[in-house]
Amino acid sequence: MDYSQYKAIDFVKDESFQEWCMYPEGKQAQFWTSWTRENPHQQAEIRKAKQLIAALGESHADVSDSKIDQLWDAIRAGTRETPVASLPKSRKSILVRWSRIAAMWIGVVTALSLGIYWISNQATTVTFATAYGEVKSIALPDGSRVVINGNSSLSYREKDFNADTRIVNLVGEAFFSVSHTPDHKRFVVQTGEDMDVEVLGTKFTMTSRPMKKQVVLEEGRVKVSDSIYLNPGELVAWDADASGWREEQVQDPGRYGSFKENKLIFRKTPLQEVARVLEDTYGYRITFVNPALAGKHFTGSCAADDIPLLLRSIEKAFGIAVEENDRHIAIGKTH
């Protein structure tokens, strides 16, 4: 990592630097002690970063750059002084000097307190995101758990979990295990695309992709888009051709969220849908050499991180060639 051009805010966001500030004698000590000695031009930025981390405490990881800038401005305002001429070393001048030092530190403490108070009262948004092929499991403030599939993100405002309705925003795909609260708080998953899901306590898999809008319920009861109620084992998906929602029963609702167990499971699934999963979740580009293959139904499973095995399974199932080159997969390629 090249830290030579880092600003204070960059250091504040760096996990190894954070650890060094919190544990000066820890495992990061040798690296940062040596690095600061070899890069004296960065001393001012490092000093500023340390002050910010001390002021922010444990909240530094979730604070935006703009809020850090505002806190630093508060620190600077509280510590700004007007130069004074040297005074004789009399008892009176010593008292005056100590009075000024005390006033300076009172200003520092006041500025830090005001800055931290301001930050803590903002509507902090927490965001979790995954790369292509990455799966991430997270715990929400209410104890609910969410497993986010590849190329997806989940965000929420901290203050919403202290309100009457818990609200999260999903882009992509995720499995939800929602905790019921003693005061029966609603839990709403928003997508910004006219597909919101309201629940109390339940387990379901939700997909919000450009070419796929779907909810599959495992346990409990949910309401989709203010009008459709699902029971366990039911699926609702947006049918673009009919411009409406399509509902159906599914035998194994858990397989739709199989990514949480590092599995890919397909049951009589059109290859077009398999291709969509590979594109949306893993970042591949899919081409059907023979367009008729897109409608063929495939049944099979593999580890979610073993795409080559999936491609070989498709080859054997249909007696065709499937080739992958530089993130492009050609299905039905002829030699």
# chains A, B, ... in the order shown; residues from 1 in each chain; ligands from 1
call {"tool": "residues_around", "arguments": {"residues": "Leu235 (chain A)", "least_positions_apart": "3", "cutoff": "6 Å", "atoms": "only C-alpha atoms", "output": "PDB file with all heavy atoms, in the first residue's frame"}}
result
ATOM      1  N   VAL A 215     -39.564 -12.522  -4.777  1.00  0.00           N
ATOM      2  CA  VAL A 215     -39.528 -12.807  -3.349  1.00  0.00           C
ATOM      3  C   VAL A 215     -39.981 -14.246  -3.147  1.00  0.00           C
ATOM      4  O   VAL A 215     -41.009 -14.657  -3.705  1.00  0.00           O
ATOM      5  CB  VAL A 215     -40.443 -11.860  -2.550  1.00  0.00           C
ATOM      6  CG1 VAL A 215     -40.385 -12.209  -1.054  1.00  0.00           C
ATOM      7  CG2 VAL A 215     -40.054 -10.407  -2.762  1.00  0.00           C
ATOM      8  N   VAL A 216     -39.206 -15.004  -2.375  1.00  0.00           N
ATOM      9  CA  VAL A 216     -39.558 -16.391  -2.054  1.00  0.00           C
ATOM     10  C   VAL A 216     -39.587 -16.512  -0.535  1.00  0.00           C
ATOM     11  O   VAL A 216     -38.602 -16.214   0.136  1.00  0.00           O
ATOM     12  CB  VAL A 216     -38.544 -17.386  -2.647  1.00  0.00           C
ATOM     13  CG1 VAL A 216     -38.988 -18.819  -2.345  1.00  0.00           C
ATOM     14  CG2 VAL A 216     -38.388 -17.188  -4.149  1.00  0.00           C
ATOM     15  N   GLU A 247     -47.582 -15.298  -9.268  1.00  0.00           N
ATOM     16  CA  GLU A 247     -47.440 -16.052  -8.025  1.00  0.00           C
ATOM     17  C   GLU A 247     -47.439 -17.547  -8.310  1.00  0.00           C
ATOM     18  O   GLU A 247     -48.137 -18.017  -9.210  1.00  0.00           O
ATOM     19  CB  GLU A 247     -48.590 -15.715  -7.072  1.00  0.00           C
ATOM     20  CG  GLU A 247     -48.672 -14.245  -6.689  1.00  0.00           C
ATOM     21  CD  GLU A 247     -49.852 -13.950  -5.792  1.00  0.00           C
ATOM     22  OE1 GLU A 247     -49.934 -14.553  -4.703  1.00  0.00           O
ATOM     23  OE2 GLU A 247     -50.710 -13.135  -6.204  1.00  0.00           O
ATOM     24  N   GLU A 248     -46.673 -18.318  -7.520  1.00  0.00           N
ATOM     25  CA  GLU A 248     -46.649 -19.762  -7.682  1.00  0.00           C
ATOM     26  C   GLU A 248     -46.165 -20.438  -6.404  1.00  0.00           C
ATOM     27  O   GLU A 248     -45.538 -19.811  -5.544  1.00  0.00           O
ATOM     28  CB  GLU A 248     -45.749 -20.169  -8.845  1.00  0.00           C
ATOM     29  CG  GLU A 248     -44.285 -19.794  -8.664  1.00  0.00           C
ATOM     30  CD  GLU A 248     -43.421 -20.210  -9.860  1.00  0.00           C
ATOM     31  OE1 GLU A 248     -43.424 -19.460 -10.872  1.00  0.00           O
ATOM     32  OE2 GLU A 248     -42.773 -21.273  -9.763  1.00  0.00           O
TER      33      GLU A 248
END
call {"tool": "atom_distance", "arguments": {"atom1": "CA of Val12 (chain A)", "atom2": "CA of Glu158 (chain A)"}}
result
21.2 Å
call {"tool": "residues_around", "arguments": {"residues": "Phe298 (chain A)", "least_positions_apart": "5", "cutoff": "9 Å", "atoms": "only C-alpha atoms", "output": "ChimeraX atom specification"}}
result
/A:266-271,274,314,317-318
call {"tool": "select_by_dssp", "arguments": {"residues": "region 89-334 of chain A", "states": "strand (DSSP E or B)", "output": "ChimeraX atom specification"}}
result
/A:125-129,136-139,145-148,153-157,165-177,186-190,197-199,203-209,212-219,222-224,228-230,234-239,244-249,263-270,285-288,297-303,322-325,328-331
call {"tool": "closest_residue", "arguments": {"among": "A:Gly143, A:Gly192, A:Gly319, A:Pro210", "to": "Glu279 (chain A)", "atoms": "only C-alpha atoms"}}
result
A:Pro210
call {"tool": "atom_distance", "arguments": {"atom1": "CA of Leu264 (chain A)", "atom2": "CA of Asn149 (chain A)"}}
result
11.4 Å
call {"tool": "residues_around", "arguments": {"residues": "Ala8 (chain A)", "least_positions_apart": "5", "cutoff": "7 Å", "atoms": "only C-alpha atoms", "output": "PDB file with N, CA, C and O atoms, in the first residue's frame"}}
result
ATOM      1  N   GLU A  45      -0.007  15.163   8.522  1.00  0.00           N
ATOM      2  CA  GLU A  45      -1.237  14.429   8.227  1.00  0.00           C
ATOM      3  C   GLU A  45      -1.473  13.316   9.240  1.00  0.00           C
ATOM      4  O   GLU A  45      -2.614  13.057   9.648  1.00  0.00           O
ATOM      5  N   ILE A  46      -0.395  12.658   9.660  1.00  0.00           N
ATOM      6  CA  ILE A  46      -0.517  11.574  10.651  1.00  0.00           C
ATOM      7  C   ILE A  46      -0.977  12.137  11.992  1.00  0.00           C
ATOM      8  O   ILE A  46      -1.824  11.561  12.671  1.00  0.00           O
ATOM      9  N   LYS A  48      -2.710  14.840  12.482  1.00  0.00           N
ATOM     10  CA  LYS A  48      -4.115  15.221  12.329  1.00  0.00           C
ATOM     11  C   LYS A  48      -5.015  13.985  12.391  1.00  0.00           C
ATOM     12  O   LYS A  48      -6.060  13.996  13.055  1.00  0.00           O
ATOM     13  N   ALA A  49      -4.595  12.902  11.726  1.00  0.00           N
ATOM     14  CA  ALA A  49      -5.391  11.673  11.713  1.00  0.00           C
ATOM     15  C   ALA A  49      -5.526  11.089  13.112  1.00  0.00           C
ATOM     16  O   ALA A  49      -6.591  10.611  13.512  1.00  0.00           O
TER      17      ALA A  49
END
call {"tool": "closest_residue", "arguments": {"among": "A:Arg221, A:Arg145, A:His180, A:His328", "to": "Ala275 (chain A)", "atoms": "only C-alpha atoms"}}
result
A:His328
call {"tool": "residues_around", "arguments": {"residues": "Pro308 (chain A)", "least_positions_apart": "2", "cutoff": "12 Å", "atoms": "only C-alpha atoms", "output": "PyMOL selection string"}}
result
chain A and resi 278+301-306+310-315+322-325+327+329
call {"tool": "write_last_selection", "arguments": {"atoms": "C-alpha atoms", "output": "compact mmCIF listing (two decimals), in the first residue's frame"}}
result
# COMPACT_ATOMS: atom_id res chain seq x y z
CA LEU A 278 -23.90 -15.85 -13.82
CA SER A 301 -25.88 -28.06 -8.19
CA CYS A 302 -22.33 -27.09 -7.23
CA ALA A 303 -20.39 -25.01 -4.75
CA ALA A 304 -21.16 -21.33 -5.30
CA ASP A 305 -17.47 -20.62 -5.92
CA ASP A 306 -16.99 -23.51 -8.41
CA LEU A 310 -21.27 -25.75 -13.23
CA LEU A 311 -20.13 -25.17 -16.82
CA ARG A 312 -18.95 -28.79 -17.17
CA SER A 313 -22.30 -29.98 -15.82
CA ILE A 314 -24.12 -27.96 -18.48
CA GLU A 315 -21.87 -29.43 -21.15
CA VAL A 322 -19.29 -24.39 -23.08
CA GLU A 323 -16.20 -22.19 -23.16
CA GLU A 324 -15.09 -19.39 -20.87
CA ASN A 325 -12.56 -16.78 -21.94
CA ARG A 327 -15.20 -13.44 -18.26
CA ILE A 329 -18.97 -17.65 -21.57
call {"tool": "residues_around", "arguments": {"residues": "Lys50 (chain A)", "least_positions_apart": "2", "cutoff": "12 Å", "atoms": "only C-alpha atoms", "output": "count of residues only"}}
result
29
call {"tool": "residues_around", "arguments": {"residues": "Asp194 (chain A)", "least_positions_apart": "6", "cutoff": "12 Å", "atoms": "only C-alpha atoms", "output": "PyMOL selection string"}}
result
chain A and resi 208+213-214+224-227+238+244-245
call {"tool": "closest_residue", "arguments": {"among": "A:Met1, A:Ala163, A:Ala321, A:Ile331", "to": "Phe31 (chain A)", "atoms": "only C-alpha atoms"}}
result
A:Met1
call {"tool": "atom_distance", "arguments": {"atom1": "CA of Val135 (chain A)", "atom2": "CA of Thr165 (chain A)"}}
result
26.7 Å
